[in-house]
$ cat target-v2.txt   # compact mmCIF, C-alpha atoms
# COMPACT_ATOMS: atom_id res chain seq x y z
CA MET E 1 76.07 82.49 91.82
CA SER E 2 72.45 81.48 91.20
CA PHE E 3 70.86 83.25 94.18
CA SER E 4 70.90 86.65 95.81
CA ALA E 5 73.23 86.63 98.80
CA PHE E 6 71.92 89.92 100.19
CA PRO E 7 68.19 89.87 101.04
CA PRO E 8 66.09 92.95 100.15
CA GLN E 9 66.26 94.44 103.65
CA ALA E 10 70.07 94.23 103.60
CA ARG E 11 70.27 96.03 100.26
CA THR E 12 67.89 98.70 101.56
CA ALA E 13 70.01 99.21 104.68
CA PHE E 14 73.15 99.44 102.59
CA ALA E 15 71.57 102.03 100.28
CA ALA E 16 70.57 104.19 103.26
CA ALA E 17 73.96 104.13 104.98
CA TYR E 18 76.64 103.89 102.29
CA PRO E 19 79.35 105.21 102.16
CA GLU E 20 80.05 106.77 105.57
CA VAL E 21 77.85 105.03 108.15
CA PRO E 22 78.87 101.63 109.61
CA HIS E 23 75.90 99.28 109.64
CA ARG E 24 74.92 95.66 110.08
CA LEU E 25 73.67 93.56 107.14
CA THR E 26 72.54 89.99 106.65
CA HIS E 27 73.61 87.51 103.99
CA ASP E 28 72.87 83.97 102.79
CA LEU E 29 76.39 82.63 102.23
CA ARG E 30 76.55 80.19 105.15
CA GLY E 31 77.41 76.72 103.90
CA HIS E 32 78.69 77.92 100.52
CA PRO E 33 80.96 75.15 99.16
CA LEU E 34 83.80 77.58 98.39
CA LEU E 35 83.86 78.81 101.97
CA THR E 36 84.18 75.62 103.99
CA LEU E 37 87.32 75.11 106.03
CA GLU E 38 88.66 72.42 103.70
CA ALA E 39 87.95 74.49 100.59
CA LEU E 40 89.74 77.45 102.14
CA ALA E 41 92.74 75.32 103.08
CA ASP E 42 92.93 74.19 99.45
CA LEU E 43 92.62 77.81 98.31
CA ALA E 44 95.41 78.87 100.66
CA GLU E 45 97.73 76.23 99.23
CA ALA E 46 96.90 77.37 95.68
CA LEU E 47 97.57 81.06 96.30
CA PRO E 48 101.07 82.52 95.92
CA GLU E 49 102.99 82.99 99.14
CA THR E 50 102.63 86.76 98.90
CA SER E 51 98.85 86.36 99.12
CA ARG E 52 98.73 84.56 102.44
CA GLU E 53 99.62 85.82 105.88
CA TYR E 54 99.41 83.82 109.07
CA ASN E 55 100.81 83.92 112.58
CA ARG E 56 100.02 83.34 116.21
CA ALA E 57 96.68 84.86 117.21
CA ASP E 58 97.30 85.49 120.93
CA LEU E 59 98.18 89.12 120.25
CA PRO E 60 97.59 92.43 122.04
CA VAL E 61 95.07 94.90 120.63
CA GLY E 62 97.95 97.18 119.66
CA LEU E 63 101.07 95.67 118.14
CA ASN E 64 102.90 98.97 118.82
CA GLY E 65 105.94 97.80 116.88
CA ILE E 66 105.80 94.11 117.84
CA VAL E 67 106.17 91.65 114.95
CA PRO E 68 103.54 88.90 115.27
CA PRO E 69 105.26 85.56 115.94
CA ALA E 70 105.03 82.73 113.41
CA ASN E 71 103.10 79.62 114.41
CA GLY E 72 105.64 77.13 113.02
CA LEU E 73 103.12 75.41 110.73
CA GLY E 74 102.26 75.40 107.05
CA ILE E 75 99.27 77.36 105.82
CA GLY E 76 97.19 74.27 105.02
CA GLU E 77 97.70 72.74 108.45
CA THR E 78 97.10 76.10 110.11
CA ILE E 79 93.65 76.33 108.54
CA ARG E 80 92.58 72.68 108.71
CA ARG E 81 93.41 72.63 112.42
CA ILE E 82 92.39 76.22 113.18
CA GLY E 83 90.44 75.13 116.25
CA GLU E 84 93.67 74.10 117.97
CA THR E 85 96.58 75.95 116.31
CA GLY E 86 96.10 79.28 118.11
CA SER E 87 96.47 81.09 114.80
CA TRP E 88 95.20 83.85 112.55
CA ALA E 89 95.29 83.50 108.77
CA ALA E 90 94.46 85.95 106.00
CA LEU E 91 94.05 84.91 102.37
CA LYS E 92 94.52 87.95 100.18
CA ASN E 93 93.25 88.70 96.70
CA ILE E 94 91.27 85.49 96.45
CA GLU E 95 90.03 86.72 93.06
CA GLN E 96 93.27 85.30 91.65
CA VAL E 97 91.41 81.95 91.59
CA SER E 98 88.61 82.00 89.02
CA ALA E 99 85.86 80.44 91.16
CA TYR E 100 86.48 82.97 93.93
CA ARG E 101 86.66 85.84 91.45
CA ASP E 102 83.23 84.81 90.16
CA LEU E 103 81.86 84.73 93.71
CA LEU E 104 83.33 88.13 94.58
CA LEU E 105 82.01 89.81 91.44
CA ALA E 106 78.57 88.26 91.86
CA LEU E 107 78.33 89.59 95.41
CA LEU E 108 79.43 93.08 94.40
CA GLU E 109 77.12 93.10 91.39
CA GLU E 110 74.15 92.97 93.76
CA LEU E 111 75.29 96.27 95.28
CA ARG E 112 76.80 97.97 92.24
CA PRO E 113 73.85 100.31 91.48
CA VAL E 114 73.93 101.82 94.97
CA ILE E 115 77.73 102.00 95.08
CA GLU E 116 78.11 103.70 91.72
CA ALA E 117 75.24 106.15 92.35
CA LYS E 118 77.03 107.44 95.46
CA THR E 119 80.78 107.03 94.95
CA GLY E 120 81.14 106.52 91.20
CA THR E 121 82.61 103.61 89.30
CA MET E 122 83.46 100.57 91.39
CA LEU E 123 87.22 100.12 91.10
CA ARG E 124 89.66 97.34 92.01
CA PRO E 125 87.32 94.70 93.50
CA GLN E 126 89.23 92.42 95.88
CA GLY E 127 88.38 89.60 98.26
CA PHE E 128 90.01 88.50 101.52
CA VAL E 129 89.27 85.59 103.84
CA PHE E 130 90.11 85.56 107.54
CA ILE E 131 90.31 82.32 109.55
CA THR E 132 90.90 82.70 113.28
CA SER E 133 91.42 80.38 116.23
CA PRO E 134 89.37 80.73 119.43
CA HIS E 135 90.02 84.00 121.28
CA GLY E 136 92.38 85.26 118.57
CA VAL E 137 92.92 88.99 118.06
CA THR E 138 93.32 91.02 114.87
CA PRO E 139 95.22 94.09 116.14
CA TYR E 140 94.27 97.74 115.72
CA HIS E 141 94.60 99.01 112.14
CA PHE E 142 92.78 100.66 109.23
CA ASP E 143 92.12 99.66 105.60
CA PRO E 144 91.96 101.87 102.48
CA GLU E 145 89.00 100.10 100.86
CA HIS E 146 85.24 100.23 101.14
CA ASN E 147 84.64 96.91 102.91
CA ILE E 148 81.82 94.54 103.79
CA LEU E 149 82.85 91.81 106.22
CA LEU E 150 80.56 88.78 105.79
CA HIS E 151 80.74 86.50 108.80
CA LEU E 152 80.44 82.76 108.12
CA ALA E 153 81.40 80.73 111.20
CA GLY E 154 81.94 81.34 114.91
CA VAL E 155 81.38 84.62 116.73
CA LYS E 156 83.62 87.68 116.68
CA THR E 157 83.41 91.28 117.84
CA MET E 158 84.81 94.14 115.82
CA THR E 159 85.45 97.34 117.75
CA MET E 160 85.35 100.24 115.30
CA PHE E 161 86.39 103.87 115.75
CA PRO E 162 85.36 107.04 113.88
CA GLN E 163 86.97 107.40 110.48
CA GLY E 164 88.73 110.65 109.69
CA ASN E 165 89.42 111.47 113.35
CA PRO E 166 93.16 111.95 113.99
CA LYS E 167 92.74 110.94 117.63
CA TYR E 168 92.26 107.34 116.48
CA ALA E 169 94.43 107.36 113.36
CA PRO E 170 96.97 110.22 113.24
CA ASP E 171 97.42 112.06 109.96
CA GLU E 172 101.11 111.13 109.95
CA THR E 173 100.21 107.41 110.05
CA HIS E 174 97.86 107.81 107.11
CA GLU E 175 100.51 109.71 105.18
CA GLY E 176 103.12 107.07 105.91
CA TYR E 177 100.84 104.25 104.80
CA HIS E 178 100.03 105.91 101.48
CA THR E 179 103.73 106.35 100.75
CA GLY E 180 104.69 102.76 101.50
CA GLY E 181 104.38 102.29 105.26
CA GLY E 182 102.21 99.97 107.35
CA ARG E 183 98.57 100.33 108.34
CA GLU E 184 98.97 99.30 111.98
CA LEU E 185 97.96 101.93 114.52
CA PHE E 186 99.49 102.68 117.89
CA TRP E 187 97.16 101.65 120.70
CA THR E 188 96.72 103.20 124.13
CA ASP E 189 93.99 102.13 126.53
CA ASP E 190 92.45 105.59 126.70
CA LEU E 191 91.26 105.13 123.10
CA ALA E 192 88.89 102.34 124.12
CA ARG E 193 86.02 104.59 125.17
CA GLY E 194 85.69 105.92 121.61
CA GLY E 195 85.03 102.50 120.06
CA THR E 196 81.73 100.89 119.09
CA GLU E 197 81.43 97.12 119.41
CA TRP E 198 79.79 95.13 116.63
CA LYS E 199 79.20 91.48 117.53
CA LEU E 200 78.94 89.30 114.43
CA ARG E 201 77.32 85.89 114.14
CA PRO E 202 77.12 83.60 111.10
CA GLY E 203 74.81 85.11 108.50
CA GLU E 204 75.59 88.68 109.58
CA ALA E 205 77.82 91.23 107.88
CA LEU E 206 79.26 94.63 108.72
CA TYR E 207 79.98 97.54 106.42
CA VAL E 208 83.28 99.22 107.38
CA PRO E 209 83.85 102.71 105.92
CA VAL E 210 87.13 103.62 104.25
CA MET E 211 89.93 104.13 106.80
CA ALA E 212 87.75 103.38 109.85
CA PRO E 213 90.17 102.15 112.57
CA HIS E 214 89.22 98.83 114.13
CA TYR E 215 90.36 95.69 115.90
CA VAL E 216 88.71 92.28 116.22
CA ARG E 217 88.41 89.79 119.07
CA ASN E 218 87.34 86.26 118.25
CA GLY E 219 84.93 84.33 120.45
CA PRO E 220 85.34 80.88 122.03
CA GLY E 221 85.16 79.03 118.71
CA SER E 222 87.15 79.27 115.50
CA ALA E 223 85.83 81.80 112.98
CA ILE E 224 85.69 82.41 109.24
CA SER E 225 84.90 85.73 107.56
CA LEU E 226 84.91 86.89 103.95
CA SER E 227 85.75 90.51 103.22
CA ILE E 228 84.57 91.94 99.89
CA THR E 229 86.18 95.27 99.05
CA TRP E 230 86.31 97.88 96.35
CA ARG E 231 87.85 101.28 95.75
CA SER E 232 86.36 104.46 94.32
CA GLU E 233 87.71 107.70 92.95
CA TRP E 234 86.69 109.08 96.35
CA SER E 235 88.96 106.66 98.23
CA PHE E 236 91.82 107.11 95.78
CA ALA E 237 91.55 110.91 95.97
CA GLU E 238 91.83 110.84 99.76
CA ALA E 239 94.75 108.40 99.58
CA ASP E 240 96.62 110.54 97.04
CA ALA E 241 95.96 113.72 99.03
CA ARG E 242 97.40 111.97 102.11
CA ALA E 243 100.50 111.03 100.13
CA PHE E 244 100.91 114.62 98.93
CA ASN E 245 100.61 115.81 102.53
CA ARG E 246 103.52 113.54 103.41
CA VAL E 247 105.67 115.44 100.90
CA LEU E 248 104.54 118.76 102.37
CA ARG E 249 105.25 117.56 105.91
CA LEU E 250 108.75 116.41 104.95
CA ALA E 251 109.30 119.90 103.56
CA GLY E 252 108.62 121.33 107.02
CA LEU E 253 104.98 122.36 106.48
CA ARG E 254 101.92 121.40 108.55
CA PRO E 255 99.33 120.46 105.92
CA ARG E 256 95.60 120.38 106.55
CA ALA E 257 94.13 116.88 106.60
CA PRO E 258 92.19 115.85 103.48
CA GLY E 259 88.41 115.96 103.43
CA ARG E 260 86.27 112.87 103.07
CA TRP E 261 84.96 113.64 99.56
CA PRO E 262 86.80 113.85 96.21
CA GLN E 263 86.07 117.51 95.57
CA ASP E 264 87.88 118.37 98.79
CA ASN E 265 91.00 116.52 97.68
CA ARG E 266 91.32 117.10 93.95
CA VAL E 267 94.16 119.62 94.00
CA LYS E 268 96.39 117.62 96.35
CA ALA E 269 95.47 114.34 94.66
CA ALA E 270 96.45 115.79 91.29
CA GLY E 271 99.70 117.04 92.80
CA TRP E 272 100.63 113.58 94.05
CA ARG E 273 99.71 111.97 90.73
CA VAL E 274 102.17 114.29 89.02
CA LEU E 275 104.91 113.78 91.62
CA ARG E 276 104.79 109.99 91.60
CA ARG E 277 105.64 109.97 87.90
CA LEU E 278 108.97 111.57 88.72
CA PRO E 279 112.01 109.30 89.25
CA LEU E 280 112.43 110.55 92.83
CA PHE E 281 108.97 109.30 93.82
CA GLY E 282 108.33 106.48 91.35
$ encode --input "target-v2.txt" --output "structure tokens"
Amino acid sequence: MSFSAFPPQARTAFAAAYPEVPHRLTHDLRGHPLLTLEALADLAEALPETSREYNRADLPVGLNGIVPPANGLGIGETIRRIGETGSWAALKNIEQVSAYRDLLLALLEELRPVIEAKTGTMLRPQGFVFITSPHGVTPYHFDPEHNILLHLAGVKTMTMFPQGNPKYAPDETHEGYHTGGGRELFWTDDLARGGTEWKLRPGEALYVPVMAPHYVRNGPGSAISLSITWRSEWSFAEADARAFNRVLRLAGLRPRAPGRWPQDNRVKAAGWRVLRRLPLFG
């Protein structure tokens, strides 16, 4: 990439808020040739089936055990006709295609000094693209990565909830996810008052802290967003401590939730890293 996608004020804002404070950024990726609808349809058709997920987008905020219905179309048609297919599509690990890997790494390189000064070595960089029909919903869930969502087309609103608060994401759900379960969260309407709405327009981005619960409502037009993510020893330590807590809970104990920083989680994280080498857990 021959230009800086994040202007100076965006990099300054990121440096002030990372890693725990959600914040809005700006970017200069609109119109990038790799991120047009046609280019993304081609990318989707090139990715392995395990790296693409798509379904109907007229979903509730909380799936609460519902399996999203298929849309009956192929991935290419879903994306090329996203304005009329009533669908949601996610392209996962786009770095499997060299041009997209170069784009992802160039974007993260702009932020690497700040990231590594605060949370250590940048680990496992990954990219995801989300293409959504008008008024589509991405249901309530959390993600284990540090994440910047760069919005490219349309308007969407992400409603985000405080990370690390078991009211919005119970410890048992975290523990289940880190031992092989799903990341979807159970929704009840009384949770709504705790959310903060972030409306995103093309050229804007949002930093989403590790494990911050959220859902997304699309506006009246179709939308495209690029999510650039990375892990850190901090995020892995929390994840491994959660997994170890799952073992403790299954043994009848009531473990204390992990802290948000690696030094708070080192003992439990080390315990899980030993256990998962055993045949019973491997």
$ closest_atom_pairs --input "target-v2.txt" --of "range 151-268 of chain E" --to "range 23-38 of chain E" --cutoff "12 Å" --atoms "all atoms listed in the file" --output "tab-separated table"
residue	atom	partner	partner_atom	distance
E:His151	CA	E:Arg30	CA	8.4
E:Leu152	CA	E:Arg30	CA	5.5
E:Ala153	CA	E:Arg30	CA	7.8
E:Gly154	CA	E:Arg30	CA	11.2
E:Met158	CA	E:Arg24	CA	11.5
E:Met160	CA	E:His23	CA	11.1
E:Thr196	CA	E:His23	CA	11.2
E:Glu197	CA	E:His23	CA	11.4
E:Trp198	CA	E:Arg24	CA	8.2
E:Lys199	CA	E:Arg24	CA	9.6
E:Leu200	CA	E:Arg24	CA	8.7
E:Arg201	CA	E:Thr26	CA	9.8
E:Pro202	CA	E:Arg30	CA	6.9
E:Gly203	CA	E:His27	CA	5.2
E:Glu204	CA	E:Thr26	CA	4.4
E:Ala205	CA	E:Leu25	CA	4.8
E:Leu206	CA	E:Arg24	CA	4.7
E:Tyr207	CA	E:His23	CA	5.5
E:Val208	CA	E:His23	CA	7.7
E:Pro209	CA	E:His23	CA	9.4
E:Ser222	CA	E:Leu37	CA	10.3
E:Ala223	CA	E:Leu37	CA	9.8
E:Ile224	CA	E:Leu37	CA	8.1
E:Ser225	CA	E:Leu35	CA	9.0
E:Leu226	CA	E:Leu35	CA	8.4
E:Ser227	CA	E:Leu35	CA	11.9
$ closest_residue --input "target-v2.txt" --among "E:Val21, E:Leu73, E:Leu59, E:Val155" --to "Val210 in chain E" --atoms "all atoms listed in the file"
E:Val21
$ atom_distance --input "target-v2.txt" --atom1 "CA of Pro69 in chain E" --atom2 "CA of Arg52 in chain E"
15.0 Å
$ residues_around --input "target-v2.txt" --residues "Phe186 in chain E" --least-positions-apart "3" --cutoff "10 Å" --atoms "only C-alpha atoms" --output "JSON, numbers by chain"
{"E": [61, 62, 63, 64, 65, 139, 140, 141, 168, 169, 170, 173, 183]}
$ closest_residue --input "target-v2.txt" --among "E:Ile82, E:Val267, E:Ala13, E:Val129" --to "Val114 in chain E" --atoms "all atoms listed in the file"
E:Ala13
$ residues_around --input "target-v2.txt" --residues "Val67 in chain E" --least-positions-apart "5" --cutoff "12 Å" --atoms "only C-alpha atoms" --output "PyMOL selection string"
chain E and resi 54-57+59-60+62+139+182+184
$ write_last_selection --input "target-v2.txt" --atoms "C-alpha atoms" --output "tab-separated table (two decimals), in the frame of the given file"
chain	number	residue	atom	x	y	z
E	54	TYR	CA	99.41	83.82	109.07
E	55	ASN	CA	100.81	83.92	112.58
E	56	ARG	CA	100.02	83.34	116.21
E	57	ALA	CA	96.68	84.86	117.21
E	59	LEU	CA	98.18	89.12	120.25
E	60	PRO	CA	97.59	92.43	122.04
E	62	GLY	CA	97.95	97.18	119.66
E	139	PRO	CA	95.22	94.09	116.14
E	182	GLY	CA	102.21	99.97	107.35
E	184	GLU	CA	98.97	99.30	111.98
$ atom_distance --input "target-v2.txt" --atom1 "CA of Leu43 in chain E" --atom2 "CA of Leu105 in chain E"
17.4 Å
$ closest_residue --input "target-v2.txt" --among "E:Lys268, E:Arg231, E:Arg246, E:Arg277" --to "Asn147 in chain E" --atoms "all atoms listed in the file"
E:Arg231
$ residues_around --input "target-v2.txt" --residues "Arg101 in chain E" --least-positions-apart "5" --cutoff "10 Å" --atoms "all atoms listed in the file" --output "PyMOL selection string"
chain E and resi 93-96+106-107+125-127
$ atom_distance --input "target-v2.txt" --atom1 "CA of Gly194 in chain E" --atom2 "CA of Lys156 in chain E"
19.0 Å
$ build_atoms --input "target-v2.txt" --residues "range 155-166 of chain E" --atoms "all heavy atoms" --output "PDB file, in the coordinates of the input"
ATOM      1  N   VAL E 155      81.837  83.308 116.282  1.00  0.00           N
ATOM      2  CA  VAL E 155      81.380  84.620 116.730  1.00  0.00           C
ATOM      3  C   VAL E 155      82.596  85.501 116.927  1.00  0.00           C
ATOM      4  O   VAL E 155      83.601  85.066 117.495  1.00  0.00           O
ATOM      5  CB  VAL E 155      80.573  84.523 118.047  1.00  0.00           C
ATOM      6  CG1 VAL E 155      80.183  85.911 118.543  1.00  0.00           C
ATOM      7  CG2 VAL E 155      79.336  83.653 117.857  1.00  0.00           C
ATOM      8  N   LYS E 156      82.530  86.741 116.453  1.00  0.00           N
ATOM      9  CA  LYS E 156      83.620  87.680 116.680  1.00  0.00           C
ATOM     10  C   LYS E 156      83.032  89.053 116.937  1.00  0.00           C
ATOM     11  O   LYS E 156      81.891  89.344 116.558  1.00  0.00           O
ATOM     12  CB  LYS E 156      84.591  87.720 115.505  1.00  0.00           C
ATOM     13  CG  LYS E 156      84.011  88.217 114.199  1.00  0.00           C
ATOM     14  CD  LYS E 156      85.051  88.417 113.101  1.00  0.00           C
ATOM     15  CE  LYS E 156      85.975  87.265 112.860  1.00  0.00           C
ATOM     16  NZ  LYS E 156      86.821  87.447 111.655  1.00  0.00           N
ATOM     17  N   THR E 157      83.834  89.906 117.573  1.00  0.00           N
ATOM     18  CA  THR E 157      83.410  91.280 117.840  1.00  0.00           C
ATOM     19  C   THR E 157      84.428  92.233 117.266  1.00  0.00           C
ATOM     20  O   THR E 157      85.610  92.196 117.623  1.00  0.00           O
ATOM     21  CB  THR E 157      83.274  91.522 119.358  1.00  0.00           C
ATOM     22  OG1 THR E 157      82.286  90.637 119.891  1.00  0.00           O
ATOM     23  CG2 THR E 157      82.846  92.958 119.622  1.00  0.00           C
ATOM     24  N   MET E 158      83.962  93.079 116.344  1.00  0.00           N
ATOM     25  CA  MET E 158      84.810  94.140 115.820  1.00  0.00           C
ATOM     26  C   MET E 158      84.519  95.416 116.614  1.00  0.00           C
ATOM     27  O   MET E 158      83.368  95.808 116.762  1.00  0.00           O
ATOM     28  CB  MET E 158      84.557  94.401 114.336  1.00  0.00           C
ATOM     29  CG  MET E 158      85.397  95.563 113.791  1.00  0.00           C
ATOM     30  SD  MET E 158      85.061  95.999 112.066  1.00  0.00           S
ATOM     31  CE  MET E 158      85.810  94.600 111.217  1.00  0.00           C
ATOM     32  N   THR E 159      85.568  96.038 117.105  1.00  0.00           N
ATOM     33  CA  THR E 159      85.450  97.340 117.750  1.00  0.00           C
ATOM     34  C   THR E 159      85.957  98.379 116.757  1.00  0.00           C
ATOM     35  O   THR E 159      87.114  98.346 116.346  1.00  0.00           O
ATOM     36  CB  THR E 159      86.242  97.401 119.057  1.00  0.00           C
ATOM     37  OG1 THR E 159      85.762  96.374 119.945  1.00  0.00           O
ATOM     38  CG2 THR E 159      86.074  98.747 119.727  1.00  0.00           C
ATOM     39  N   MET E 160      85.048  99.290 116.355  1.00  0.00           N
ATOM     40  CA  MET E 160      85.350 100.240 115.300  1.00  0.00           C
ATOM     41  C   MET E 160      85.359 101.659 115.870  1.00  0.00           C
ATOM     42  O   MET E 160      84.584 101.985 116.778  1.00  0.00           O
ATOM     43  CB  MET E 160      84.303 100.135 114.184  1.00  0.00           C
ATOM     44  CG  MET E 160      84.692 100.816 112.886  1.00  0.00           C
ATOM     45  SD  MET E 160      83.364 100.827 111.616  1.00  0.00           S
ATOM     46  CE  MET E 160      82.725  99.161 111.720  1.00  0.00           C
ATOM     47  N   PHE E 161      86.210 102.505 115.292  1.00  0.00           N
ATOM     48  CA  PHE E 161      86.390 103.870 115.750  1.00  0.00           C
ATOM     49  C   PHE E 161      86.071 104.839 114.608  1.00  0.00           C
ATOM     50  O   PHE E 161      86.099 104.459 113.439  1.00  0.00           O
ATOM     51  CB  PHE E 161      87.814 104.062 116.253  1.00  0.00           C
ATOM     52  CG  PHE E 161      88.146 103.201 117.434  1.00  0.00           C
ATOM     53  CD1 PHE E 161      88.478 101.857 117.266  1.00  0.00           C
ATOM     54  CD2 PHE E 161      88.091 103.710 118.730  1.00  0.00           C
ATOM     55  CE1 PHE E 161      88.757 101.042 118.361  1.00  0.00           C
ATOM     56  CE2 PHE E 161      88.362 102.909 119.830  1.00  0.00           C
ATOM     57  CZ  PHE E 161      88.692 101.572 119.640  1.00  0.00           C
ATOM     58  N   PRO E 162      85.768 106.091 114.919  1.00  0.00           N
ATOM     59  CA  PRO E 162      85.360 107.040 113.880  1.00  0.00           C
ATOM     60  C   PRO E 162      86.435 107.264 112.827  1.00  0.00           C
ATOM     61  O   PRO E 162      87.587 107.566 113.149  1.00  0.00           O
ATOM     62  CB  PRO E 162      85.075 108.331 114.667  1.00  0.00           C
ATOM     63  CG  PRO E 162      84.800 107.885 116.067  1.00  0.00           C
ATOM     64  CD  PRO E 162      85.685 106.681 116.277  1.00  0.00           C
ATOM     65  N   GLN E 163      86.042 107.135 111.577  1.00  0.00           N
ATOM     66  CA  GLN E 163      86.970 107.400 110.480  1.00  0.00           C
ATOM     67  C   GLN E 163      87.191 108.893 110.339  1.00  0.00           C
ATOM     68  O   GLN E 163      86.324 109.708 110.613  1.00  0.00           O
ATOM     69  CB  GLN E 163      86.433 106.808 109.169  1.00  0.00           C
ATOM     70  CG  GLN E 163      85.149 107.448 108.637  1.00  0.00           C
ATOM     71  CD  GLN E 163      83.900 106.789 109.187  1.00  0.00           C
ATOM     72  OE1 GLN E 163      83.929 106.124 110.216  1.00  0.00           O
ATOM     73  NE2 GLN E 163      82.778 106.971 108.487  1.00  0.00           N
ATOM     74  N   GLY E 164      88.407 109.254 109.920  1.00  0.00           N
ATOM     75  CA  GLY E 164      88.730 110.650 109.690  1.00  0.00           C
ATOM     76  C   GLY E 164      89.073 111.433 110.942  1.00  0.00           C
ATOM     77  O   GLY E 164      89.315 112.644 110.860  1.00  0.00           O
ATOM     78  N   ASN E 165      89.112 110.782 112.096  1.00  0.00           N
ATOM     79  CA  ASN E 165      89.420 111.470 113.350  1.00  0.00           C
ATOM     80  C   ASN E 165      90.869 111.174 113.722  1.00  0.00           C
ATOM     81  O   ASN E 165      91.226 110.026 114.006  1.00  0.00           O
ATOM     82  CB  ASN E 165      88.480 110.975 114.455  1.00  0.00           C
ATOM     83  CG  ASN E 165      88.630 111.760 115.750  1.00  0.00           C
ATOM     84  OD1 ASN E 165      89.711 112.237 116.073  1.00  0.00           O
ATOM     85  ND2 ASN E 165      87.545 111.881 116.495  1.00  0.00           N
ATOM     86  N   PRO E 166      91.737 112.203 113.748  1.00  0.00           N
ATOM     87  CA  PRO E 166      93.160 111.950 113.990  1.00  0.00           C
ATOM     88  C   PRO E 166      93.465 111.427 115.393  1.00  0.00           C
ATOM     89  O   PRO E 166      94.570 110.934 115.632  1.00  0.00           O
ATOM     90  CB  PRO E 166      93.807 113.319 113.761  1.00  0.00           C
ATOM     91  CG  PRO E 166      92.709 114.310 113.964  1.00  0.00           C
ATOM     92  CD  PRO E 166      91.459 113.621 113.493  1.00  0.00           C
TER      93      PRO E 166
END
